Each structure stands twice: as C-alpha cells, then as structure tokens.
Amino acid sequence: MRGGDVRAALQARLPQLRLPPRLLRPMNEQAWEDIARPMAGSLVVLEPLDAGHEEGLYEAAREDRAAWRWLPYDASESRGAFRSWLKEALAASQAGTEAAFATLDARSARLIGSTRYLSLRPEHRGVEIGWTWLSPSAWGTGANVEAKLLMLGRAFGSLGCMRVEFQTNARNERSRAALETLPARFEGVFRKHKIVQRGEIRDTAYYSIIDDEWPGVEANLRRRLAG
C-alpha cells in the first residue's frame, strides 16, 4: 500500500462523519499504511501480491476449478480471465482500498492461492478478510488455518481492529463451516445481495470476530495447528 493512502482516506471521510478527528485516528497509522507487508508461519507465507506471481498462481488456480465455484467469478477459466483478476487485485492494492496477498507453501515456496484484506476502515478500526482461495491440494493441510491466524493476528494486533468481518455465498457450506470453526459469529444473510458468475443471484452470509473474542479464537487456531 502506498504511504499516505490511509491518511488521505481518513481526511476525506472526516467531514462526512462529523466526529472529532481524535476519535477517528487509527491506533497505529503506520501499521495501516504497511498493512500489506509479508507474514510468515511454519506452513504458509503471505507475500504482497505482485505481477511476478502470475504464472505460479495461474497454475495453482487451474489445479481444480472447484476452488472458484463460490467466488464472484471464475478466474481459472482462461489466461485472460486470470489476468483480469490479477489486474483488479493489484489495482485495488495500489489504490489503498485493499491489501492482496499471494499464499505460498512455506516448505516448498510453491504458490497455492491468494487472500486479501478488504473494506479497510481504519477510522472505525475494522477490516474484512476475503477473496480467499486455495488450490484443492492445500485443503485440509492447515494452510488456511494458519493464514487466518496470521491475518487475524495482524488485524487485532498492530492494526488495533475491534472488528474483522467475513462474507461468503450462503450456499457455500465448506466456507461457512470453516468460518464457524474459527469460530466466527454468524450475523445473518443479505438476501439477493450480488449477481455472480453464470448470472447467479447470491445471498451473502456474514460472519465476524470482535476484539473481545480474539483471545479465544487465537487459542483455538493455535490448538488446531498444534494438533
């Protein structure tokens, strides 16, 4: 993320919110500006997404199109579609509205997927984690669990978030089960929320974790990784 993007976003929103600037200042402004810096665990490494990841991520995306079934569109269907996905993710990161990562296997350095921080709201100390996909060969390996631990740890740690939210297709049972085992709290369904791939109308299930819940969630994720 470019330095100053978060600061500029805050300044633009202050007149609309009509609240004292001292109440809207992020707990750690520098941390928000550096939100896309790398994260590393024993199973996965999250690197800021860049154009150099294209070939490896395209191969991971093509491993099994099942990984894309419930995402807004299927970027694995062609090189052009994947390049459009990458271009969109890079543009959002450059603009400071999102922070996209490439997910690598920590042992082999093989690219296995991607994830993002979205809906950055430093003035409200909130963020969304989403656009997450992993090649099916990484499913059930602990890769997603550790990636969530890293991203949530940064959100509730240096970013000082009081809320992290998630959204998924209400019909995506696998994703909903994964969120519930974090555990994130189910908050409800936005009916007819989006039009997604193949023109399907999506109901969106919302989940969240708040700062009061983070110690228990963190302990659960560490327990799962240790097991």
# chains A, B, ... in the order shown; residues from 1 in each chain; ligands from 1
call {"tool": "residues_around", "arguments": {"residues": "region 69-80 of chain A", "least_positions_apart": "5", "cutoff": "7 Å", "atoms": "only C-alpha atoms", "output": "list in words"}}
result
Ala61, Arg62, Trp85, Asn169, Asn172, Val196 and Gln197 of chain A
call {"tool": "write_last_selection", "arguments": {"atoms": "N, CA and C atoms", "output": "CSV table (one decimal), in the first residue's frame"}}
result
chain,number,residue,atom,x,y,z
A,61,ALA,N,-4.4,-21.9,-9.7
A,61,ALA,CA,-5.8,-21.7,-10.0
A,61,ALA,C,-6.4,-22.8,-10.9
A,62,ARG,N,-5.6,-23.3,-11.8
A,62,ARG,CA,-6.1,-24.3,-12.8
A,62,ARG,C,-6.1,-25.7,-12.2
A,85,TRP,N,-8.4,-10.9,-13.1
A,85,TRP,CA,-8.4,-11.0,-11.7
A,85,TRP,C,-7.2,-10.4,-11.0
A,169,ASN,N,-20.8,-16.8,0.0
A,169,ASN,CA,-22.1,-17.2,-0.5
A,169,ASN,C,-22.8,-18.1,0.5
A,172,ASN,N,-22.4,-21.8,0.2
A,172,ASN,CA,-21.1,-22.4,0.3
A,172,ASN,C,-20.9,-23.0,1.6
A,196,VAL,N,-23.4,-13.0,-9.4
A,196,VAL,CA,-22.1,-13.5,-9.5
A,196,VAL,C,-21.9,-14.4,-10.8
A,197,GLN,N,-20.9,-15.2,-10.8
A,197,GLN,CA,-20.7,-16.0,-12.1
A,197,GLN,C,-21.9,-16.8,-12.5
call {"tool": "residues_around", "arguments": {"residues": "Ile35 (chain A)", "least_positions_apart": "2", "cutoff": "9 Å", "atoms": "only C-alpha atoms", "output": "mmCIF file with C-alpha atoms, in the first residue's frame"}}
result
data_model
loop_
_atom_site.group_PDB
_atom_site.id
_atom_site.type_symbol
_atom_site.label_atom_id
_atom_site.label_comp_id
_atom_site.auth_asym_id
_atom_site.auth_seq_id
_atom_site.Cartn_x
_atom_site.Cartn_y
_atom_site.Cartn_z
ATOM 1 C CA MET A 1 0.000 0.000 0.000
ATOM 2 C CA GLN A 30 1.898 3.438 10.212
ATOM 3 C CA ALA A 31 0.689 -0.146 10.640
ATOM 4 C CA TRP A 32 -2.306 0.592 8.388
ATOM 5 C CA GLU A 33 -0.037 2.091 5.753
ATOM 6 C CA ARG A 37 3.841 -6.307 4.461
ATOM 7 C CA PRO A 38 4.715 -10.058 4.369
ATOM 8 C CA ALA A 99 -4.338 -5.402 0.503
ATOM 9 C CA TYR A 117 -7.795 -7.567 3.452
ATOM 10 C CA ARG A 154 -2.168 -8.550 12.477
ATOM 11 C CA ALA A 155 -5.706 -7.155 12.436
ATOM 12 C CA LEU A 159 -3.783 -2.614 13.310
#
call {"tool": "closest_residue", "arguments": {"among": "A:Ala226, A:Ala81, A:Val44, A:Cys161", "to": "Ser114 (chain A)", "atoms": "only C-alpha atoms"}}
result
A:Val44
call {"tool": "select_by_dssp", "arguments": {"residues": "region 76-221 of chain A", "states": "strand (DSSP E or B)", "output": "PDB file with N, CA and C atoms, in the first residue's frame"}}
result
ATOM      1  N   ALA A  99      -5.717  -4.933   0.384  1.00  0.00           N
ATOM      2  CA  ALA A  99      -4.338  -5.402   0.503  1.00  0.00           C
ATOM      3  C   ALA A  99      -4.333  -6.878   0.142  1.00  0.00           C
ATOM      4  N   ALA A 100      -3.870  -7.189  -1.070  1.00  0.00           N
ATOM      5  CA  ALA A 100      -3.919  -8.555  -1.590  1.00  0.00           C
ATOM      6  C   ALA A 100      -2.585  -9.272  -1.361  1.00  0.00           C
ATOM      7  N   PHE A 101      -2.690 -10.571  -1.074  1.00  0.00           N
ATOM      8  CA  PHE A 101      -1.510 -11.398  -0.806  1.00  0.00           C
ATOM      9  C   PHE A 101      -1.509 -12.632  -1.712  1.00  0.00           C
ATOM     10  N   ALA A 102      -0.331 -13.092  -2.026  1.00  0.00           N
ATOM     11  CA  ALA A 102      -0.145 -14.420  -2.603  1.00  0.00           C
ATOM     12  C   ALA A 102       0.184 -15.360  -1.452  1.00  0.00           C
ATOM     13  N   THR A 103      -0.423 -16.549  -1.471  1.00  0.00           N
ATOM     14  CA  THR A 103      -0.190 -17.545  -0.424  1.00  0.00           C
ATOM     15  C   THR A 103       0.770 -18.602  -0.948  1.00  0.00           C
ATOM     16  N   LEU A 104       1.869 -18.814  -0.232  1.00  0.00           N
ATOM     17  CA  LEU A 104       2.879 -19.788  -0.620  1.00  0.00           C
ATOM     18  C   LEU A 104       2.991 -20.878   0.428  1.00  0.00           C
ATOM     19  N   ASP A 105       3.297 -22.092  -0.027  1.00  0.00           N
ATOM     20  CA  ASP A 105       3.649 -23.164   0.885  1.00  0.00           C
ATOM     21  C   ASP A 105       5.013 -22.827   1.487  1.00  0.00           C
ATOM     22  N   LEU A 111       3.423 -21.563  -4.950  1.00  0.00           N
ATOM     23  CA  LEU A 111       2.239 -20.722  -4.827  1.00  0.00           C
ATOM     24  C   LEU A 111       0.998 -21.600  -4.776  1.00  0.00           C
ATOM     25  N   ILE A 112       0.144 -21.361  -3.764  1.00  0.00           N
ATOM     26  CA  ILE A 112      -1.018 -22.227  -3.576  1.00  0.00           C
ATOM     27  C   ILE A 112      -2.338 -21.454  -3.508  1.00  0.00           C
ATOM     28  N   GLY A 113      -2.300 -20.122  -3.570  1.00  0.00           N
ATOM     29  CA  GLY A 113      -3.557 -19.385  -3.514  1.00  0.00           C
ATOM     30  C   GLY A 113      -3.353 -17.915  -3.226  1.00  0.00           C
ATOM     31  N   SER A 114      -4.430 -17.281  -2.788  1.00  0.00           N
ATOM     32  CA  SER A 114      -4.390 -15.850  -2.520  1.00  0.00           C
ATOM     33  C   SER A 114      -5.468 -15.487  -1.495  1.00  0.00           C
ATOM     34  N   THR A 115      -5.288 -14.348  -0.851  1.00  0.00           N
ATOM     35  CA  THR A 115      -6.261 -13.833   0.108  1.00  0.00           C
ATOM     36  C   THR A 115      -6.062 -12.332   0.216  1.00  0.00           C
ATOM     37  N   ARG A 116      -7.021 -11.635   0.835  1.00  0.00           N
ATOM     38  CA  ARG A 116      -6.929 -10.175   0.906  1.00  0.00           C
ATOM     39  C   ARG A 116      -7.537  -9.633   2.202  1.00  0.00           C
ATOM     40  N   TYR A 117      -7.052  -8.454   2.580  1.00  0.00           N
ATOM     41  CA  TYR A 117      -7.795  -7.567   3.452  1.00  0.00           C
ATOM     42  C   TYR A 117      -8.631  -6.674   2.541  1.00  0.00           C
ATOM     43  N   LEU A 118      -9.916  -6.524   2.876  1.00  0.00           N
ATOM     44  CA  LEU A 118     -10.812  -5.679   2.111  1.00  0.00           C
ATOM     45  C   LEU A 118     -11.560  -4.732   3.057  1.00  0.00           C
ATOM     46  N   SER A 119     -12.330  -3.817   2.479  1.00  0.00           N
ATOM     47  CA  SER A 119     -13.168  -2.904   3.274  1.00  0.00           C
ATOM     48  C   SER A 119     -12.368  -2.293   4.424  1.00  0.00           C
ATOM     49  N   LEU A 120     -11.220  -1.716   4.087  1.00  0.00           N
ATOM     50  CA  LEU A 120     -10.351  -1.143   5.114  1.00  0.00           C
ATOM     51  C   LEU A 120     -11.035   0.075   5.732  1.00  0.00           C
ATOM     52  N   ARG A 121     -11.227   0.031   7.031  1.00  0.00           N
ATOM     53  CA  ARG A 121     -11.902   1.110   7.749  1.00  0.00           C
ATOM     54  C   ARG A 121     -11.090   1.486   8.993  1.00  0.00           C
ATOM     55  N   GLY A 126     -11.853  -1.392  11.698  1.00  0.00           N
ATOM     56  CA  GLY A 126     -12.449  -2.601  11.155  1.00  0.00           C
ATOM     57  C   GLY A 126     -11.883  -2.952   9.801  1.00  0.00           C
ATOM     58  N   VAL A 127     -11.988  -4.231   9.454  1.00  0.00           N
ATOM     59  CA  VAL A 127     -11.475  -4.724   8.183  1.00  0.00           C
ATOM     60  C   VAL A 127     -12.207  -6.015   7.838  1.00  0.00           C
ATOM     61  N   GLU A 128     -12.199  -6.358   6.573  1.00  0.00           N
ATOM     62  CA  GLU A 128     -12.750  -7.637   6.121  1.00  0.00           C
ATOM     63  C   GLU A 128     -11.616  -8.513   5.610  1.00  0.00           C
ATOM     64  N   ILE A 129     -11.724  -9.813   5.805  1.00  0.00           N
ATOM     65  CA  ILE A 129     -10.816 -10.783   5.184  1.00  0.00           C
ATOM     66  C   ILE A 129     -11.634 -11.565   4.171  1.00  0.00           C
ATOM     67  N   GLY A 130     -11.143 -11.606   2.942  1.00  0.00           N
ATOM     68  CA  GLY A 130     -11.913 -12.289   1.911  1.00  0.00           C
ATOM     69  C   GLY A 130     -11.144 -12.502   0.623  1.00  0.00           C
ATOM     70  N   TRP A 131     -11.896 -12.804  -0.450  1.00  0.00           N
ATOM     71  CA  TRP A 131     -11.321 -13.191  -1.744  1.00  0.00           C
ATOM     72  C   TRP A 131     -10.257 -14.286  -1.542  1.00  0.00           C
ATOM     73  N   THR A 132     -10.537 -15.185  -0.624  1.00  0.00           N
ATOM     74  CA  THR A 132      -9.583 -16.249  -0.292  1.00  0.00           C
ATOM     75  C   THR A 132      -9.840 -17.474  -1.154  1.00  0.00           C
ATOM     76  N   TRP A 133      -8.788 -17.957  -1.793  1.00  0.00           N
ATOM     77  CA  TRP A 133      -8.876 -19.243  -2.491  1.00  0.00           C
ATOM     78  C   TRP A 133      -7.556 -19.983  -2.341  1.00  0.00           C
ATOM     79  N   LEU A 134      -7.669 -21.289  -2.283  1.00  0.00           N
ATOM     80  CA  LEU A 134      -6.514 -22.178  -2.199  1.00  0.00           C
ATOM     81  C   LEU A 134      -6.686 -23.307  -3.213  1.00  0.00           C
ATOM     82  N   ARG A 163     -13.031  -5.100  15.063  1.00  0.00           N
ATOM     83  CA  ARG A 163     -13.936  -5.977  14.313  1.00  0.00           C
ATOM     84  C   ARG A 163     -13.254  -6.453  13.034  1.00  0.00           C
ATOM     85  N   VAL A 164     -13.354  -7.756  12.767  1.00  0.00           N
ATOM     86  CA  VAL A 164     -12.952  -8.341  11.485  1.00  0.00           C
ATOM     87  C   VAL A 164     -14.153  -9.108  10.962  1.00  0.00           C
ATOM     88  N   GLU A 165     -14.507  -8.854   9.711  1.00  0.00           N
ATOM     89  CA  GLU A 165     -15.693  -9.493   9.154  1.00  0.00           C
ATOM     90  C   GLU A 165     -15.354 -10.360   7.950  1.00  0.00           C
ATOM     91  N   PHE A 166     -16.276 -11.253   7.664  1.00  0.00           N
ATOM     92  CA  PHE A 166     -16.148 -12.187   6.548  1.00  0.00           C
ATOM     93  C   PHE A 166     -17.505 -12.281   5.861  1.00  0.00           C
ATOM     94  N   GLN A 167     -17.496 -12.491   4.569  1.00  0.00           N
ATOM     95  CA  GLN A 167     -18.741 -12.769   3.871  1.00  0.00           C
ATOM     96  C   GLN A 167     -18.518 -13.902   2.883  1.00  0.00           C
ATOM     97  N   THR A 168     -19.554 -14.705   2.663  1.00  0.00           N
ATOM     98  CA  THR A 168     -19.456 -15.821   1.745  1.00  0.00           C
ATOM     99  C   THR A 168     -20.830 -16.123   1.166  1.00  0.00           C
ATOM    100  N   ASN A 169     -20.826 -16.820   0.047  1.00  0.00           N
ATOM    101  CA  ASN A 169     -22.089 -17.248  -0.538  1.00  0.00           C
ATOM    102  C   ASN A 169     -22.832 -18.104   0.483  1.00  0.00           C
ATOM    103  N   ARG A 185     -18.653 -15.473  14.435  1.00  0.00           N
ATOM    104  CA  ARG A 185     -20.082 -15.470  14.758  1.00  0.00           C
ATOM    105  C   ARG A 185     -20.914 -15.142  13.516  1.00  0.00           C
ATOM    106  N   PHE A 186     -21.911 -15.953  13.261  1.00  0.00           N
ATOM    107  CA  PHE A 186     -22.837 -15.723  12.162  1.00  0.00           C
ATOM    108  C   PHE A 186     -23.724 -14.528  12.503  1.00  0.00           C
ATOM    109  N   GLU A 187     -23.830 -13.587  11.561  1.00  0.00           N
ATOM    110  CA  GLU A 187     -24.595 -12.364  11.816  1.00  0.00           C
ATOM    111  C   GLU A 187     -25.857 -12.239  10.964  1.00  0.00           C
ATOM    112  N   GLY A 188     -26.018 -13.120   9.989  1.00  0.00           N
ATOM    113  CA  GLY A 188     -27.222 -13.036   9.178  1.00  0.00           C
ATOM    114  C   GLY A 188     -26.925 -13.126   7.702  1.00  0.00           C
ATOM    115  N   VAL A 189     -27.985 -13.064   6.896  1.00  0.00           N
ATOM    116  CA  VAL A 189     -27.885 -13.212   5.450  1.00  0.00           C
ATOM    117  C   VAL A 189     -28.434 -11.974   4.755  1.00  0.00           C
ATOM    118  N   PHE A 190     -27.648 -11.433   3.837  1.00  0.00           N
ATOM    119  CA  PHE A 190     -28.127 -10.381   2.942  1.00  0.00           C
ATOM    120  C   PHE A 190     -28.747 -11.082   1.737  1.00  0.00           C
ATOM    121  N   ARG A 191     -30.051 -10.987   1.600  1.00  0.00           N
ATOM    122  CA  ARG A 191     -30.742 -11.694   0.525  1.00  0.00           C
ATOM    123  C   ARG A 191     -30.584 -10.963  -0.813  1.00  0.00           C
ATOM    124  N   LYS A 192     -30.436 -11.754  -1.881  1.00  0.00           N
ATOM    125  CA  LYS A 192     -30.255 -11.210  -3.236  1.00  0.00           C
ATOM    126  C   LYS A 192     -29.229 -10.076  -3.224  1.00  0.00           C
ATOM    127  N   HIS A 193     -28.073 -10.392  -2.695  1.00  0.00           N
ATOM    128  CA  HIS A 193     -27.048  -9.381  -2.427  1.00  0.00           C
ATOM    129  C   HIS A 193     -26.207  -9.047  -3.645  1.00  0.00           C
ATOM    130  N   LYS A 194     -25.883 -10.071  -4.459  1.00  0.00           N
ATOM    131  CA  LYS A 194     -24.971  -9.856  -5.587  1.00  0.00           C
ATOM    132  C   LYS A 194     -25.357 -10.760  -6.755  1.00  0.00           C
ATOM    133  N   ILE A 195     -24.953 -10.322  -7.955  1.00  0.00           N
ATOM    134  CA  ILE A 195     -25.032 -11.188  -9.135  1.00  0.00           C
ATOM    135  C   ILE A 195     -23.611 -11.651  -9.419  1.00  0.00           C
ATOM    136  N   ILE A 201     -27.797 -15.345  -8.702  1.00  0.00           N
ATOM    137  CA  ILE A 201     -28.081 -14.346  -7.674  1.00  0.00           C
ATOM    138  C   ILE A 201     -27.643 -14.905  -6.326  1.00  0.00           C
ATOM    139  N   ARG A 202     -26.773 -14.191  -5.693  1.00  0.00           N
ATOM    140  CA  ARG A 202     -26.153 -14.674  -4.454  1.00  0.00           C
ATOM    141  C   ARG A 202     -26.772 -14.049  -3.210  1.00  0.00           C
ATOM    142  N   ASP A 203     -27.152 -14.897  -2.277  1.00  0.00           N
ATOM    143  CA  ASP A 203     -27.420 -14.473  -0.903  1.00  0.00           C
ATOM    144  C   ASP A 203     -26.088 -14.554  -0.166  1.00  0.00           C
ATOM    145  N   THR A 204     -25.761 -13.540   0.609  1.00  0.00           N
ATOM    146  CA  THR A 204     -24.459 -13.483   1.271  1.00  0.00           C
ATOM    147  C   THR A 204     -24.598 -13.677   2.774  1.00  0.00           C
ATOM    148  N   ALA A 205     -23.862 -14.648   3.310  1.00  0.00           N
ATOM    149  CA  ALA A 205     -23.823 -14.893   4.754  1.00  0.00           C
ATOM    150  C   ALA A 205     -22.680 -14.085   5.361  1.00  0.00           C
ATOM    151  N   TYR A 206     -22.980 -13.354   6.415  1.00  0.00           N
ATOM    152  CA  TYR A 206     -21.988 -12.524   7.094  1.00  0.00           C
ATOM    153  C   TYR A 206     -21.585 -13.137   8.430  1.00  0.00           C
ATOM    154  N   TYR A 207     -20.277 -13.049   8.708  1.00  0.00           N
ATOM    155  CA  TYR A 207     -19.703 -13.513   9.965  1.00  0.00           C
ATOM    156  C   TYR A 207     -18.740 -12.437  10.480  1.00  0.00           C
ATOM    157  N   SER A 208     -18.454 -12.481  11.757  1.00  0.00           N
ATOM    158  CA  SER A 208     -17.466 -11.547  12.299  1.00  0.00           C
ATOM    159  C   SER A 208     -16.790 -12.123  13.527  1.00  0.00           C
ATOM    160  N   ILE A 209     -15.641 -11.529  13.844  1.00  0.00           N
ATOM    161  CA  ILE A 209     -14.932 -11.743  15.108  1.00  0.00           C
ATOM    162  C   ILE A 209     -14.638 -10.355  15.646  1.00  0.00           C
ATOM    163  N   ILE A 210     -14.876 -10.145  16.931  1.00  0.00           N
ATOM    164  CA  ILE A 210     -14.553  -8.859  17.544  1.00  0.00           C
ATOM    165  C   ILE A 210     -13.399  -9.033  18.519  1.00  0.00           C
TER     166      ILE A 210
END
call {"tool": "residues_around", "arguments": {"residues": "Glu54 (chain A)", "least_positions_apart": "5", "cutoff": "9 Å", "atoms": "only C-alpha atoms", "output": "NGL selection string"}}
result
:A and (59 or 82-83 or 86)
call {"tool": "atom_distance", "arguments": {"atom1": "CA of Ser137 (chain A)", "atom2": "CA of Glu55 (chain A)"}}
result
17.5 Å
call {"tool": "atom_distance", "arguments": {"atom1": "CA of Trp139 (chain A)", "atom2": "CA of Lys87 (chain A)"}}
result
25.6 Å
call {"tool": "atom_distance", "arguments": {"atom1": "CA of Gly153 (chain A)", "atom2": "CA of Glu218 (chain A)"}}
result
7.8 Å
